[in-house]
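**Q** Data: coords05.txt, compact mmCIF, C-alpha atoms.
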# COMPACT_ATOMS: atom_id res chain seq x y z
CA MET A 7 17.23 -28.30 89.34
CA THR A 8 20.03 -26.00 88.22
CA VAL A 9 19.51 -22.25 88.14
CA VAL A 10 21.64 -20.69 85.39
CA ALA A 11 22.36 -17.00 85.80
CA VAL A 12 23.30 -15.00 82.71
CA PRO A 13 25.14 -11.88 83.94
CA ALA A 14 24.24 -9.41 81.20
CA ASP A 15 24.90 -5.76 80.50
CA PRO A 16 22.44 -3.77 78.38
CA PRO A 17 23.45 -3.86 74.68
CA ARG A 18 24.82 -0.32 74.56
CA GLU A 19 27.58 1.05 72.38
CA GLY A 20 30.86 1.18 74.30
CA VAL A 21 29.51 -0.86 77.23
CA VAL A 22 29.52 -4.35 75.71
CA LEU A 23 32.30 -6.11 73.77
CA PRO A 24 34.53 -3.01 74.05
CA ARG A 25 37.58 -4.74 72.50
CA LEU A 26 35.87 -5.70 69.24
CA PRO A 27 36.05 -2.32 67.45
CA ASP A 28 39.85 -2.30 67.78
CA THR A 29 40.34 -5.96 66.84
CA SER A 30 37.70 -6.58 64.16
CA PRO A 31 35.85 -4.73 61.35
CA LEU A 32 32.88 -4.10 63.67
CA SER A 33 32.00 -0.62 64.93
CA ALA A 34 30.99 -0.08 68.55
CA ASP A 35 27.34 0.05 67.47
CA GLU A 36 27.66 -3.20 65.52
CA ALA A 37 29.41 -4.81 68.50
CA ALA A 38 26.37 -3.89 70.62
CA ASP A 39 24.07 -5.49 68.03
CA LEU A 40 26.20 -8.64 68.07
CA TYR A 41 26.15 -8.76 71.87
CA GLU A 42 22.37 -8.49 71.93
CA ALA A 43 22.21 -11.40 69.48
CA THR A 44 24.58 -13.58 71.51
CA PHE A 45 22.61 -12.76 74.67
CA LYS A 46 19.40 -13.86 72.95
CA ASP A 47 21.01 -17.13 71.88
CA THR A 48 22.35 -17.92 75.36
CA VAL A 49 18.99 -17.27 77.06
CA THR A 50 17.32 -19.38 74.36
CA ALA A 51 19.73 -22.23 75.15
CA VAL A 52 18.99 -22.05 78.86
CA ASP A 53 15.25 -21.75 78.31
CA GLY A 54 15.27 -24.85 76.10
CA SER A 55 17.18 -26.89 78.68
CA GLY A 56 16.03 -28.34 81.98
CA ALA A 57 17.50 -25.41 83.91
CA ASP A 58 15.81 -22.31 85.28
CA LEU A 59 16.92 -18.99 83.78
CA LEU A 60 17.97 -15.95 85.80
CA VAL A 61 18.98 -12.76 83.99
CA ASN A 62 21.40 -11.00 86.32
CA TYR A 63 21.88 -7.40 85.20
CA ARG A 64 23.96 -4.46 86.41
CA ASP A 65 22.05 -1.50 87.77
CA ASP A 66 22.16 1.69 85.70
CA GLU A 67 23.96 3.45 88.54
CA ASP A 68 26.92 1.13 87.93
CA LEU A 69 27.01 1.87 84.18
CA PRO A 70 28.00 4.92 82.11
CA SER A 71 25.29 7.58 81.92
CA TRP A 72 22.53 6.79 79.44
CA ASP A 73 19.47 8.73 78.28
CA GLY A 74 17.48 5.77 76.96
CA GLU A 75 15.67 2.81 78.49
CA SER A 76 16.91 1.24 81.71
CA ALA A 77 19.20 -1.77 81.65
CA GLU A 78 16.39 -4.00 82.86
CA ALA A 79 13.98 -2.71 80.20
CA GLN A 80 16.50 -3.27 77.40
CA LEU A 81 17.26 -6.80 78.53
CA ARG A 82 13.59 -7.63 79.04
CA ALA A 83 12.90 -6.49 75.48
CA ALA A 84 15.67 -8.75 74.19
CA VAL A 85 14.28 -11.71 76.15
CA VAL A 86 10.79 -11.06 74.76
CA ASP A 87 12.24 -11.05 71.25
CA ALA A 88 14.11 -14.30 71.90
CA LEU A 89 11.54 -16.25 73.91
CA GLY A 90 8.24 -14.60 73.19
CA SER A 91 7.44 -13.97 76.85
CA PRO A 92 9.63 -13.28 79.90
CA ASP A 93 6.96 -14.36 82.39
CA ASP A 94 8.95 -17.36 83.63
CA VAL A 95 12.31 -15.57 83.54
CA ARG A 96 13.72 -14.02 86.69
CA PHE A 97 15.44 -10.64 86.45
CA GLU A 98 17.61 -9.55 89.37
CA VAL A 99 20.18 -6.80 89.86
CA GLN A 100 23.79 -7.90 90.35
CA VAL A 101 25.35 -7.05 93.69
CA GLY A 102 29.10 -6.54 94.11
CA SER A 103 31.98 -4.25 93.23
CA SER A 104 33.78 -6.68 90.87
CA ARG A 105 32.94 -9.52 88.53
CA ALA A 106 34.09 -12.10 91.06
CA ALA A 107 32.04 -10.48 93.82
CA ARG A 108 28.92 -10.33 91.65
CA VAL A 109 29.25 -13.96 90.60
CA GLY A 110 30.02 -15.04 94.14
CA ASN A 111 27.04 -13.19 95.60
CA THR A 112 24.66 -14.66 93.02
CA VAL A 113 25.88 -18.25 93.37
CA THR A 114 26.10 -18.14 97.17
CA HIS A 115 22.62 -16.62 97.49
CA LEU A 116 21.09 -19.27 95.25
CA LEU A 117 22.80 -22.17 97.03
CA GLU A 118 22.56 -21.03 100.63
CA THR A 119 19.47 -18.80 100.78
CA GLU A 120 17.26 -20.36 98.13
CA SER A 121 18.68 -23.87 98.65
CA VAL A 122 18.77 -24.73 94.94
CA GLN A 123 20.44 -27.99 94.00
CA SER A 124 23.06 -26.28 91.83
CA ALA A 125 23.78 -22.79 90.56
CA ALA A 126 25.71 -21.73 87.48
CA VAL A 127 26.84 -18.63 85.64
CA LEU A 128 26.85 -18.56 81.83
CA SER A 129 28.49 -15.82 79.78
CA PRO A 130 26.09 -13.96 77.45
CA ALA A 131 28.90 -13.84 74.87
CA ALA A 132 29.13 -17.60 74.28
CA PRO A 133 26.55 -18.11 71.51
CA LEU A 134 27.64 -21.64 70.56
CA VAL A 135 26.36 -22.99 73.88
CA ASP A 136 23.17 -24.94 73.24
CA ARG A 137 20.64 -26.61 75.49
CA THR A 138 22.47 -29.96 75.32
CA LYS A 139 25.56 -28.35 76.92
CA ILE A 140 23.41 -26.85 79.68
CA ASP A 141 21.84 -30.25 80.37
CA GLU A 142 25.23 -31.96 80.18
CA ALA A 143 26.53 -29.56 82.82
CA ALA A 144 23.54 -30.31 85.06
CA MET A 145 24.27 -34.03 84.81
CA LYS A 146 27.93 -33.47 85.69
CA LEU A 147 26.89 -31.35 88.68
CA ARG A 148 25.15 -34.41 90.12
CA ARG A 149 28.56 -36.03 90.57
CA ASN A 150 30.87 -33.02 90.92
CA GLU A 151 30.70 -29.89 93.04
CA VAL A 152 32.24 -27.70 90.34
CA VAL A 153 31.71 -27.85 86.56
CA LEU A 154 33.50 -25.42 84.25
CA GLY A 155 33.18 -24.62 80.56
CA PRO A 156 36.64 -23.79 79.16
CA GLY A 157 37.20 -21.03 76.65
CA GLU A 158 40.39 -20.25 74.76
CA ALA A 159 43.35 -18.68 76.59
CA GLY A 160 42.29 -20.00 79.99
CA ARG A 161 38.89 -18.33 80.07
CA ALA A 162 35.59 -19.88 81.18
CA TYR A 163 32.16 -19.43 79.61
CA TYR A 164 30.34 -21.53 82.24
CA ALA A 165 30.86 -22.09 85.95
CA GLY A 166 28.51 -24.31 87.93
CA PHE A 167 28.54 -25.16 91.62
CA THR A 168 26.69 -27.29 94.14
CA ASP A 169 28.64 -25.74 97.01
CA PRO A 170 30.22 -22.27 97.24
CA VAL A 171 33.95 -21.68 96.91
CA ASP A 172 36.11 -18.71 97.86
CA PHE A 173 35.07 -16.25 95.16
CA GLU A 174 37.37 -13.40 96.14
CA GLY A 175 39.58 -12.85 93.10
CA ALA A 176 38.17 -16.03 91.56
CA TYR A 177 38.05 -14.45 88.08
CA THR A 178 41.74 -13.59 88.03
CA PRO A 179 43.23 -14.78 84.69
CA PRO A 180 43.66 -17.53 83.75
CA VAL A 181 40.08 -17.86 85.00
CA LEU A 182 39.73 -21.57 84.26
CA GLU A 183 42.79 -22.38 86.35
CA THR A 184 41.83 -19.98 89.15
CA LEU A 185 38.31 -21.41 89.45
CA THR A 186 39.70 -24.94 89.33
CA ASN A 187 42.11 -24.11 92.14
CA ARG A 188 39.30 -22.62 94.24
CA GLY A 189 37.26 -25.77 93.77
CA ALA A 190 40.17 -28.05 94.58
CA ASP A 191 41.11 -25.94 97.62
CA ALA A 192 37.58 -26.47 98.93
CA GLY A 193 37.96 -30.24 98.50
CA HIS A 194 35.52 -30.33 95.59
CA ALA A 195 35.56 -32.55 92.52
CA VAL A 196 35.98 -30.47 89.36
CA GLU A 197 34.74 -31.49 85.90
CA TYR A 198 34.70 -29.76 82.52
CA LEU A 199 32.46 -29.18 79.52
CA PRO A 200 33.73 -29.08 75.92
CA MET A 201 35.74 -25.98 75.00
CA LEU A 202 33.77 -23.26 73.20
CA PRO A 203 34.66 -19.74 72.03
CA LEU A 204 33.85 -16.78 74.24
CA ILE A 205 33.63 -13.54 72.24
CA GLU A 206 35.85 -10.75 73.52
CA THR A 207 38.23 -10.00 70.63
CA GLY A 208 38.33 -10.22 66.87
CA ARG A 209 40.14 -13.55 67.09
CA ASP A 210 37.30 -14.95 69.20
CA LEU A 211 34.78 -13.58 66.71
CA ALA A 212 36.60 -15.37 63.88
CA SER A 213 36.05 -18.71 65.63
CA VAL A 214 32.34 -18.02 66.02
CA VAL A 215 31.84 -16.65 62.49
CA SER A 216 33.63 -19.60 60.89
CA THR A 217 31.69 -22.14 62.95
CA VAL A 218 28.33 -20.46 62.31
CA ARG A 219 28.93 -20.25 58.56
CA ALA A 220 30.11 -23.88 58.39
CA ARG A 221 27.14 -25.19 60.39
CA THR A 222 24.77 -23.13 58.27
CA ARG A 223 26.20 -24.63 55.09
CA ALA A 224 25.96 -28.13 56.59
CA GLU A 225 22.34 -27.47 57.60
CA LEU A 226 23.06 -28.13 61.27
CA SER A 227 21.72 -26.27 64.30
CA ILE A 228 23.02 -22.74 64.72
CA PRO A 229 22.61 -19.85 67.16
CA GLU A 230 19.98 -18.14 65.04
CA HIS A 231 20.27 -14.57 66.34
CA THR A 232 24.06 -14.55 66.08
CA ALA A 233 23.91 -16.14 62.63
CA SER A 234 21.49 -13.42 61.51
CA VAL A 235 23.89 -10.65 62.57
CA VAL A 236 26.82 -12.44 60.91
CA ALA A 237 24.83 -12.62 57.67
CA ASP A 238 23.50 -9.06 57.87
CA LEU A 239 27.01 -7.65 58.41
CA GLY A 240 28.50 -9.83 55.67
CA LEU A 241 31.10 -11.33 57.97
CA ARG A 242 33.41 -14.14 56.95
CA VAL A 243 36.88 -15.37 57.87
CA ALA A 244 39.92 -14.98 55.63
CA GLU A 245 43.62 -15.63 56.09
CA GLY A 246 45.47 -12.50 57.16
CA GLY A 247 49.01 -11.58 58.06
CA ASP A 248 48.50 -12.69 61.66
CA GLY A 249 46.32 -15.68 60.87
CA PRO A 250 42.58 -16.07 60.23
CA ALA A 251 40.63 -12.83 60.71
CA VAL A 252 37.09 -11.56 60.25
CA VAL A 253 36.48 -9.57 57.08
CA ARG A 254 33.40 -8.25 55.29
CA ASP A 255 32.11 -9.54 51.98
Starting from the file, lay out its structure as structure tokens.

**A**
Amino acid sequence: MTVVAVPADPPREGVVLPRLPDTSPLSADEAADLYEATFKDTVTAVDGSGADLLVNYRDDEDLPSWDGESAEAQLRAAVVDALGSPDDVRFEVQVGSSRAARVGNTVTHLLETESVQSAAVLSPAAPLVDRTKIDEAAMKLRRNEVVLGPGEAGRAYYAGFTDPVDFEGAYTPPVLETLTNRGADAGHAVEYLPMLPLIETGRDLASVVSTVRARTRAELSIPEHTASVVADLGLRVAEGGDGPAVVRD
């Protein structure tokens, strides 16, 4: 059994997807709404697969001051909305001073302390991941110690392991290459999933918006929560001076 950890921040303005307001038509508040939707779609994908879901959240002490609900409460509410009940979903605080340290601590704990067969980390901002990709990764992890999901520009939306690697600085860009090197340095076989967009900038959002709109028109499966936000905000992709860009209807 694979345990898939989704390292999520609470969907708060200015905390999540901070580059979108400067690179797309979305405001900081709308970016937070989009992030919550993509988080719901990723946990739905994991829940529908054969993997076990772990929501790995940052403690409020590690986040900008906030007068509302706690990070855990906000994420639990999102999981309830997505899945109906969080009873079978684990929620645990992330431990570590950097992204690499937090990922490394989670993966190493699962593999060495809990003795799970394989452990993976899935970005909450990769809404086009579906349960078939999660199950495909689990199958690949039966034959390879490291399985990575490539994103554009050398990023990675998924990283699965059956044995720990050296995680110090492991998320140094280009992340896909760095993680591959860490796996190879440990003598591990490395395999890959299909490339999918990982939302960080307006260009990334254009890939997701275009794909969601096309799949909706073709009556194919879509990330429903993300598609709903795309429709509510009237987002579409048009040719701009620097290439395709997200615009509003």

**Q** For A:Val12, list every protein, DNA or RNA residue within 10 Å, evaluated using all atoms listed in the file, and leave out those in the same chain fewer than 4 positions away; present the list as JSON, numbers by chain.

**A** {"A": [45, 48, 49, 52, 59, 60, 61, 62, 63, 97, 109, 126, 127, 128, 129, 130, 131, 164]}

**Q** Considering only C-alpha atoms, state which residue in the set A:Pro250, A:Pro133, A:Gly102, A:Pro70 is at the smallest distance from A:Val218.

**A**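 For A:Val218, the nearest of the candidates is A:Pro133.
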
**Q** Find the distance between atom CA of A:Ala125 and atom CA of A:Val171 and write it in Å to one decimal.

**A** 12.0 Å

**Q** What separation in Å, quoted to one decimal, exists between atom CA of A:Leu202 and atom CA of A:Arg18?

**A** 24.7 Å

**Q** Between atom CA of A:Ala165 and atom CA of A:Ala57, what is the spacing in Å?

**A**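 The value is 13.9 Å.
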
**Q** Need the shell around A:Val21: protein/DNA/RNA residues with any atom at most 8 Å away, counting only C-alpha atoms. Skip same-chain ones fewer than 3 positions apart. Format as a list in words?

**A**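 Answer for this query is Asp15, Pro16, Pro17, Arg18, Pro24, Ala38, Leu69 and Pro70 of chain A.
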
**Q** Write to file, as an mmCIF file, keeping the file's coordinate frame, the residues of the selection just made, with C-alpha atoms.

**A**
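Heads up, here's the output in out_13.cif:
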data_model
loop_
_atom_site.group_PDB
_atom_site.id
_atom_site.type_symbol
_atom_site.label_atom_id
_atom_site.label_comp_id
_atom_site.auth_asym_id
_atom_site.auth_seq_id
_atom_site.Cartn_x
_atom_site.Cartn_y
_atom_site.Cartn_z
ATOM 1 C CA ASP A 15 24.900 -5.760 80.500
ATOM 2 C CA PRO A 16 22.440 -3.770 78.380
ATOM 3 C CA PRO A 17 23.450 -3.860 74.680
ATOM 4 C CA ARG A 18 24.820 -0.320 74.560
ATOM 5 C CA PRO A 24 34.530 -3.010 74.050
ATOM 6 C CA ALA A 38 26.370 -3.890 70.620
ATOM 7 C CA LEU A 69 27.010 1.870 84.180
ATOM 8 C CA PRO A 70 28.000 4.920 82.110
#

**Q** Please write as a ChimeraX atom specification the list of polymer residues whose atoms come within 9 Å of (24.6, -18.3, 94.1), counting only C-alpha atoms and keeping to the coordinates of the file.

**A** /A:9,11,109-120,122,124-127,167,169-170

**Q** Could you please take those selected residues and save C-alpha atoms as a PDB file, in the frame of the given file?

**A**
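selection-v7.pdb was written with the following content:
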ATOM      1  CA  VAL A   9      19.510 -22.250  88.140  1.00  0.00           C
ATOM      2  CA  ALA A  11      22.360 -17.000  85.800  1.00  0.00           C
ATOM      3  CA  VAL A 109      29.250 -13.960  90.600  1.00  0.00           C
ATOM      4  CA  GLY A 110      30.020 -15.040  94.140  1.00  0.00           C
ATOM      5  CA  ASN A 111      27.040 -13.190  95.600  1.00  0.00           C
ATOM      6  CA  THR A 112      24.660 -14.660  93.020  1.00  0.00           C
ATOM      7  CA  VAL A 113      25.880 -18.250  93.370  1.00  0.00           C
ATOM      8  CA  THR A 114      26.100 -18.140  97.170  1.00  0.00           C
ATOM      9  CA  HIS A 115      22.620 -16.620  97.490  1.00  0.00           C
ATOM     10  CA  LEU A 116      21.090 -19.270  95.250  1.00  0.00           C
ATOM     11  CA  LEU A 117      22.800 -22.170  97.030  1.00  0.00           C
ATOM     12  CA  GLU A 118      22.560 -21.030 100.630  1.00  0.00           C
ATOM     13  CA  THR A 119      19.470 -18.800 100.780  1.00  0.00           C
ATOM     14  CA  GLU A 120      17.260 -20.360  98.130  1.00  0.00           C
ATOM     15  CA  VAL A 122      18.770 -24.730  94.940  1.00  0.00           C
ATOM     16  CA  SER A 124      23.060 -26.280  91.830  1.00  0.00           C
ATOM     17  CA  ALA A 125      23.780 -22.790  90.560  1.00  0.00           C
ATOM     18  CA  ALA A 126      25.710 -21.730  87.480  1.00  0.00           C
ATOM     19  CA  VAL A 127      26.840 -18.630  85.640  1.00  0.00           C
ATOM     20  CA  PHE A 167      28.540 -25.160  91.620  1.00  0.00           C
ATOM     21  CA  ASP A 169      28.640 -25.740  97.010  1.00  0.00           C
ATOM     22  CA  PRO A 170      30.220 -22.270  97.240  1.00  0.00           C
TER      23      PRO A 170
END

**Q** Have a look at A:Gly155, A:Pro229, A:Gly240, A:Gly247 and name the one nearest to A:Val196; count all atoms listed in the file.

**A**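 Using all atoms listed in the file, the shortest distance to A:Val196 belongs to A:Gly155.
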
**Q** Need the shell around A:Leu32: protein/DNA/RNA residues with any atom at most 12 Å away, counting all atoms listed in the file. Skip same-chain ones fewer than 4 positions apart. Format as a ChimeraX atom specification?

**A** /A:19,23-28,36-41,207-208,211-212,235-236,239-241,252-254

**Q** Hey, which of A:Asp68, A:Glu225, A:Glu206, A:Asp191 ends up closest to A:Tyr163? Count only C-alpha atoms.

**A**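 Of all the options, A:Glu206 lies closest to A:Tyr163.
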
**Q** What's the 10 Å shell around A:Asp172, counting all atoms listed in the file, without same-chain residues fewer than 6 positions away, as a list in words?

**A**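 Answer for this query is Ala106, Gly110, Leu185, Asn187, Arg188, Gly189, Asp191 and Ala192 of chain A.
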
**Q** Which residue is closest to A:His194? Choose from A:Asp210, A:Glu151, A:Glu158, A:Asp255 and count all atoms listed in the file.

**A**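 Ranked by minimum distance to A:His194, first place goes to A:Glu151.
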
**Q** Give the answer as one residue: which of A:Arg108, A:Gln123, A:Glu142, A:Thr50 has the shortest atom-to-atom distance to A:Ser91, using all atoms listed in the file?

**A**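 Going through A:Arg108, A:Gln123, A:Glu142, A:Thr50 one by one, the smallest distance to A:Ser91 is for A:Thr50.
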
**Q** In terms of the shortest atom-to-atom distance over all atoms listed in the file, which of A:Asp35, A:Glu174, A:Glu245, A:Glu183 is closest to A:Gly157?

**A**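 The closest residue to A:Gly157 is A:Glu183.
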